[in-house]
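Below you'll find the structure, written out as structure tokens, and then a few comments.
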Amino acid sequence: MEFATGGDMYARPAAAIRSYRQLLADHVAAGAGQIRIIGELPASAFGPTWDSWMRYESAINHAYDDFPLWSMCAYDRRTTPAAMLADVDRTHPRQARPDGTHPAIEAYADPESYLAGMRPAPPDPLQLTPPVADLADPLPGRARDAVRAAGHEGISRDEIEDLVVAVSEVVTNAMLYGRAPIRMRVWSGPDRVVAEVTDTGPGPKDPFAGLLPIGPEGPGGRGLWIVNQSCNHVTMARDPDGFTLRLTAGVPH
């Protein structure tokens with residue numbers, strides 16, 4: 001069975017993995033013994049959310065291991081910037097060439113090491129302005145209230161409520177698995193709301209946290225899975241001061 005994908009399949013990275021896993025499971029249940037996919041990221045991926053899509057491209061080297069899948073990711077080398085092509089090389093083990101060969105890509109990094117790197121994404125320009133909320137060690141309820149109180153006339157109620165759920169999960173995770181002090185800041189613009197939560201812990205040990213679903217027997221991790229389903233852009237970063245999650249509702253910068 002062969003098909004190409006694009007467009008709506010790629011609303012958000014974690015949602016794309018969820019959708020693909022369901023699609024593949026449905027085809028296997030229907031009797032498919034081999035599935036071939038050619039996928040192409042939408043134009044919107046080649047912008048401020050690029051970092052999260054490269055985490056996605058790395059993760060899918062492992063995400064579909066339990067399915068009989070052969071897949072190819074299509075990139076136009078004539079129009080894709082060189083820096084982005086370098087990221088593509090780091091997240092894909094082989095290249096398909098016109099002569100039919102598939103040589104290994106020397107720059108390829110296995111998903112565990114690539115995802116564990118957590119390269120910090122560029123700051124949102126809103127973060128160069130004073131936050132509308134700056135909370136020390138907030139409880140989840142106070143974090144939810146701070147997001148609802150931010151000005152967000154240009155953002156749908158559903159997106160704000162998704163962000164409310166997400167910050168509640170992140171603050172809860174920081175309390176359970178991170179280290180105090182915990183700091184949460186919120187910025188608001190005409191087309192987006194950005195929330196950032198920092199604690200002084202090391203962050204999740206699982207490099208796939210937030211991208212792959214957690215089974216009922218898994219040791220936590222569902223909070224980050226919910227967060228990545230709920231927000232239009234999620235970034236994670238480690239530095240000497242701790243672990244930071246940034247969440248965006250609305251249009252990423």
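Residues are referred to by chain and number: the chain letter is A, B, ... according to the order shown in the structure tokens, the number counts from 1 in that chain, and ligands are numbered separately from 1 in the order shown.
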Query raised in the report: Please, which residues of segment 24-223 of chain A, numbered as in this document, come out helix (DSSP H, G or I) from DSSP, as a PyMOL selection string?
Result: chain A and resi 24-29+43-45+50-63+82-91+111-117+125-128+140-149+157-177+222-223
Output file for the residues above (C-alpha atoms, as an mmCIF file, in the first residue's frame):
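File produced: selection17.cif:
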data_model
loop_
_atom_site.group_PDB
_atom_site.id
_atom_site.type_symbol
_atom_site.label_atom_id
_atom_site.label_comp_id
_atom_site.auth_asym_id
_atom_site.auth_seq_id
_atom_site.Cartn_x
_atom_site.Cartn_y
_atom_site.Cartn_z
ATOM 1 C CA LEU A 24 -0.896 2.946 10.134
ATOM 2 C CA ALA A 25 -2.756 0.899 12.738
ATOM 3 C CA ASP A 26 -5.930 1.108 10.651
ATOM 4 C CA HIS A 27 -4.133 -0.127 7.528
ATOM 5 C CA VAL A 28 -2.484 -2.990 9.401
ATOM 6 C CA ALA A 29 -5.842 -3.971 10.893
ATOM 7 C CA ALA A 43 5.260 25.598 3.943
ATOM 8 C CA SER A 44 4.330 26.821 7.445
ATOM 9 C CA ALA A 45 6.888 24.424 8.949
ATOM 10 C CA TRP A 50 11.119 24.748 12.431
ATOM 11 C CA ASP A 51 12.867 23.557 15.590
ATOM 12 C CA SER A 52 9.825 21.557 16.688
ATOM 13 C CA TRP A 53 9.427 20.007 13.235
ATOM 14 C CA MET A 54 13.038 18.855 13.273
ATOM 15 C CA ARG A 55 12.378 17.207 16.628
ATOM 16 C CA TYR A 56 9.461 15.522 14.894
ATOM 17 C CA GLU A 57 11.612 14.398 11.959
ATOM 18 C CA SER A 58 14.122 12.916 14.384
ATOM 19 C CA ALA A 59 11.495 11.191 16.515
ATOM 20 C CA ILE A 60 9.767 9.450 13.616
ATOM 21 C CA ASN A 61 12.902 7.393 13.024
ATOM 22 C CA HIS A 62 11.641 5.476 16.053
ATOM 23 C CA ALA A 63 7.936 6.407 16.356
ATOM 24 C CA ALA A 82 21.132 25.558 3.444
ATOM 25 C CA ALA A 83 20.867 25.794 7.244
ATOM 26 C CA MET A 84 17.560 23.921 7.148
ATOM 27 C CA LEU A 85 19.000 21.274 4.814
ATOM 28 C CA ALA A 86 21.760 20.754 7.370
ATOM 29 C CA ASP A 87 19.079 20.029 9.977
ATOM 30 C CA VAL A 88 17.384 17.645 7.536
ATOM 31 C CA ASP A 89 20.654 15.752 7.148
ATOM 32 C CA ARG A 90 20.975 15.441 10.928
ATOM 33 C CA THR A 91 17.496 13.914 11.244
ATOM 34 C CA PRO A 111 17.151 10.320 17.771
ATOM 35 C CA GLU A 112 18.269 9.775 21.358
ATOM 36 C CA SER A 113 21.277 12.080 20.997
ATOM 37 C CA TYR A 114 19.569 14.613 18.700
ATOM 38 C CA LEU A 115 16.503 15.016 20.916
ATOM 39 C CA ALA A 116 18.530 15.072 24.132
ATOM 40 C CA GLY A 117 20.435 18.071 22.758
ATOM 41 C CA PRO A 125 10.053 38.957 20.146
ATOM 42 C CA LEU A 126 7.326 39.361 22.773
ATOM 43 C CA GLN A 127 9.862 38.168 25.332
ATOM 44 C CA LEU A 128 11.866 41.357 24.775
ATOM 45 C CA PRO A 140 -1.546 25.189 38.819
ATOM 46 C CA GLY A 141 -4.710 27.190 39.533
ATOM 47 C CA ARG A 142 -2.808 30.470 39.710
ATOM 48 C CA ALA A 143 -0.984 29.578 36.468
ATOM 49 C CA ARG A 144 -4.310 28.959 34.736
ATOM 50 C CA ASP A 145 -5.690 32.272 35.997
ATOM 51 C CA ALA A 146 -2.641 34.153 34.688
ATOM 52 C CA VAL A 147 -3.208 32.869 31.157
ATOM 53 C CA ARG A 148 -6.917 33.664 31.223
ATOM 54 C CA ALA A 149 -6.162 37.173 32.488
ATOM 55 C CA ARG A 157 -11.217 30.897 23.057
ATOM 56 C CA ASP A 158 -10.371 27.269 22.232
ATOM 57 C CA GLU A 159 -6.672 28.095 21.746
ATOM 58 C CA ILE A 160 -6.555 29.985 25.041
ATOM 59 C CA GLU A 161 -8.227 27.117 26.882
ATOM 60 C CA ASP A 162 -5.735 24.717 25.306
ATOM 61 C CA LEU A 163 -2.924 26.912 26.651
ATOM 62 C CA VAL A 164 -4.620 26.997 30.059
ATOM 63 C CA VAL A 165 -4.571 23.198 30.160
ATOM 64 C CA ALA A 166 -0.968 23.122 28.946
ATOM 65 C CA VAL A 167 0.426 25.531 31.572
ATOM 66 C CA SER A 168 -1.418 23.613 34.276
ATOM 67 C CA GLU A 169 0.300 20.411 33.135
ATOM 68 C CA VAL A 170 3.722 22.070 32.908
ATOM 69 C CA VAL A 171 3.524 23.665 36.355
ATOM 70 C CA THR A 172 2.312 20.385 37.829
ATOM 71 C CA ASN A 173 5.227 18.554 36.177
ATOM 72 C CA ALA A 174 7.677 21.138 37.532
ATOM 73 C CA MET A 175 6.288 20.634 41.042
ATOM 74 C CA LEU A 176 6.375 16.821 40.803
ATOM 75 C CA TYR A 177 9.566 16.194 38.838
ATOM 76 C CA ARG A 222 1.444 12.174 29.748
ATOM 77 C CA GLY A 223 1.605 15.838 30.744
#
Report task. Might you pull out every residue within 6 Å of Cys73 of chain A, with only C-alpha atoms counted and same-chain residues fewer than 2 positions away left off, and present them as JSON, numbers by chain? Result -> {"A": [38, 39, 40]}
Query - Å distance separating atom CA of Tyr64 of chain A from atom CA of Ile226 of chain A, one decimal place - result: 19.5 Å
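Atom CA of Leu212 of chain A is positioned 22.6 Å from atom CA of Ala195 of chain A.
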Report task. Write out as a PyMOL selection string which residues come within 10 Å of Thr235 of chain A when counting only C-alpha atoms, dropping same-chain ones fewer than 4 positions away. Result -> chain A and resi 49+51-52+55+118-123+196+228+244-248
Could you dump the residues just selected with N, CA and C atoms as a short mmCIF file (atom, residue, chain, number, x, y, z; two decimals), in the first residue's frame?
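Contents of the output file selection-v1.cif:
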data_model
loop_
_atom_site.label_atom_id
_atom_site.label_comp_id
_atom_site.auth_asym_id
_atom_site.auth_seq_id
_atom_site.Cartn_x
_atom_site.Cartn_y
_atom_site.Cartn_z
N THR A 49 8.44 27.68 13.71
CA THR A 49 8.27 26.39 14.40
C THR A 49 9.22 25.31 13.85
N ASP A 51 12.19 24.38 14.59
CA ASP A 51 12.87 23.56 15.59
C ASP A 51 12.00 22.39 16.04
N SER A 52 10.71 22.64 16.23
CA SER A 52 9.83 21.56 16.69
C SER A 52 9.58 20.54 15.59
N ARG A 55 12.54 18.20 15.57
CA ARG A 55 12.38 17.21 16.63
C ARG A 55 11.43 16.10 16.17
N MET A 118 18.33 19.31 22.85
CA MET A 118 17.45 20.42 23.19
C MET A 118 18.06 21.77 22.87
N ARG A 119 18.43 21.96 21.62
CA ARG A 119 18.98 23.26 21.23
C ARG A 119 17.94 24.36 21.47
N PRO A 120 18.30 25.43 22.17
CA PRO A 120 17.31 26.48 22.46
C PRO A 120 16.84 27.15 21.18
N ALA A 121 15.53 27.36 21.09
CA ALA A 121 14.96 28.08 19.94
C ALA A 121 15.14 29.57 20.15
N PRO A 122 15.15 30.36 19.07
CA PRO A 122 15.25 31.82 19.23
C PRO A 122 14.09 32.33 20.08
N PRO A 123 14.32 33.36 20.87
CA PRO A 123 13.23 33.90 21.71
C PRO A 123 12.14 34.51 20.85
N GLU A 196 6.02 30.82 29.59
CA GLU A 196 7.30 30.14 29.80
C GLU A 196 7.40 29.73 31.26
N ASN A 228 2.06 19.05 24.06
CA ASN A 228 2.43 19.10 22.64
C ASN A 228 1.24 18.92 21.71
N THR A 244 13.55 24.76 30.83
CA THR A 244 12.53 25.74 30.45
C THR A 244 11.65 25.19 29.34
N LEU A 245 10.35 25.33 29.54
CA LEU A 245 9.36 25.03 28.50
C LEU A 245 8.68 26.33 28.09
N ARG A 246 8.60 26.58 26.78
CA ARG A 246 7.90 27.74 26.26
C ARG A 246 6.72 27.27 25.41
N LEU A 247 5.55 27.83 25.66
CA LEU A 247 4.32 27.41 25.00
C LEU A 247 3.69 28.61 24.31
N THR A 248 3.20 28.40 23.10
CA THR A 248 2.59 29.49 22.35
C THR A 248 1.20 29.10 21.89
#
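Between atom CA of Glu106 of chain A and atom CA of Tyr75 of chain A the separation is 17.9 Å.
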Report summary line: With distances taken over only C-alpha atoms, the candidate from A:Asp110, A:Asp137, A:Val194, A:Ala96 nearest Arg179 of chain A is A:Asp137
Requested in this report: Identify which of the residues A:Pro240, A:Pro213, A:Pro93, A:Gly250 lies closest to Thr200 of chain A, counting only C-alpha atoms when measuring atom-to-atom distances.
Outcome: A:Pro240
Query raised in the report: Which residues come within 7 Å of Leu135 of chain A, counting only C-alpha atoms, excluding same-chain residues fewer than 5 positions away, as a list in words?
Result: Arg183, Met184 and Arg185 of chain A
Would you put the residues from that selection into a file with C-alpha atoms, as a PDB file, in the first residue's frame?
ATOM      1  CA  ARG A 183       9.086  30.715  37.634  1.00  0.00           C
ATOM      2  CA  MET A 184       6.261  31.292  35.169  1.00  0.00           C
ATOM      3  CA  ARG A 185       6.003  34.295  32.878  1.00  0.00           C
TER       4      ARG A 185
END
Query raised in the report: Residues at most 8 Å from Leu69 of chain A, counting only C-alpha atoms, excluding those fewer than 3 positions away in the same chain, as a list in words?
Result: Gln34, Ile35, Arg36, Ile37, Tyr64 and Asp65 of chain A
Mind dumping the selected residues with N, CA and C atoms as a PDB file, in the first residue's frame?
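The new file selection_19.pdb reads:
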ATOM      1  N   GLN A  34       2.670  -4.308   4.022  1.00  0.00           N
ATOM      2  CA  GLN A  34       3.747  -3.341   3.797  1.00  0.00           C
ATOM      3  C   GLN A  34       3.119  -2.015   3.418  1.00  0.00           C
ATOM      4  N   ILE A  35       3.584  -0.936   4.039  1.00  0.00           N
ATOM      5  CA  ILE A  35       3.044   0.398   3.786  1.00  0.00           C
ATOM      6  C   ILE A  35       4.189   1.300   3.363  1.00  0.00           C
ATOM      7  N   ARG A  36       3.971   2.084   2.307  1.00  0.00           N
ATOM      8  CA  ARG A  36       4.968   3.047   1.836  1.00  0.00           C
ATOM      9  C   ARG A  36       4.352   4.441   1.865  1.00  0.00           C
ATOM     10  N   ILE A  37       5.093   5.384   2.436  1.00  0.00           N
ATOM     11  CA  ILE A  37       4.607   6.762   2.571  1.00  0.00           C
ATOM     12  C   ILE A  37       5.665   7.715   2.035  1.00  0.00           C
ATOM     13  N   TYR A  64       7.489   4.786  14.569  1.00  0.00           N
ATOM     14  CA  TYR A  64       6.657   3.818  13.855  1.00  0.00           C
ATOM     15  C   TYR A  64       7.327   2.455  13.742  1.00  0.00           C
ATOM     16  N   ASP A  65       8.213   2.158  14.687  1.00  0.00           N
ATOM     17  CA  ASP A  65       8.971   0.905  14.619  1.00  0.00           C
ATOM     18  C   ASP A  65       8.077  -0.331  14.647  1.00  0.00           C
TER      19      ASP A  65
END
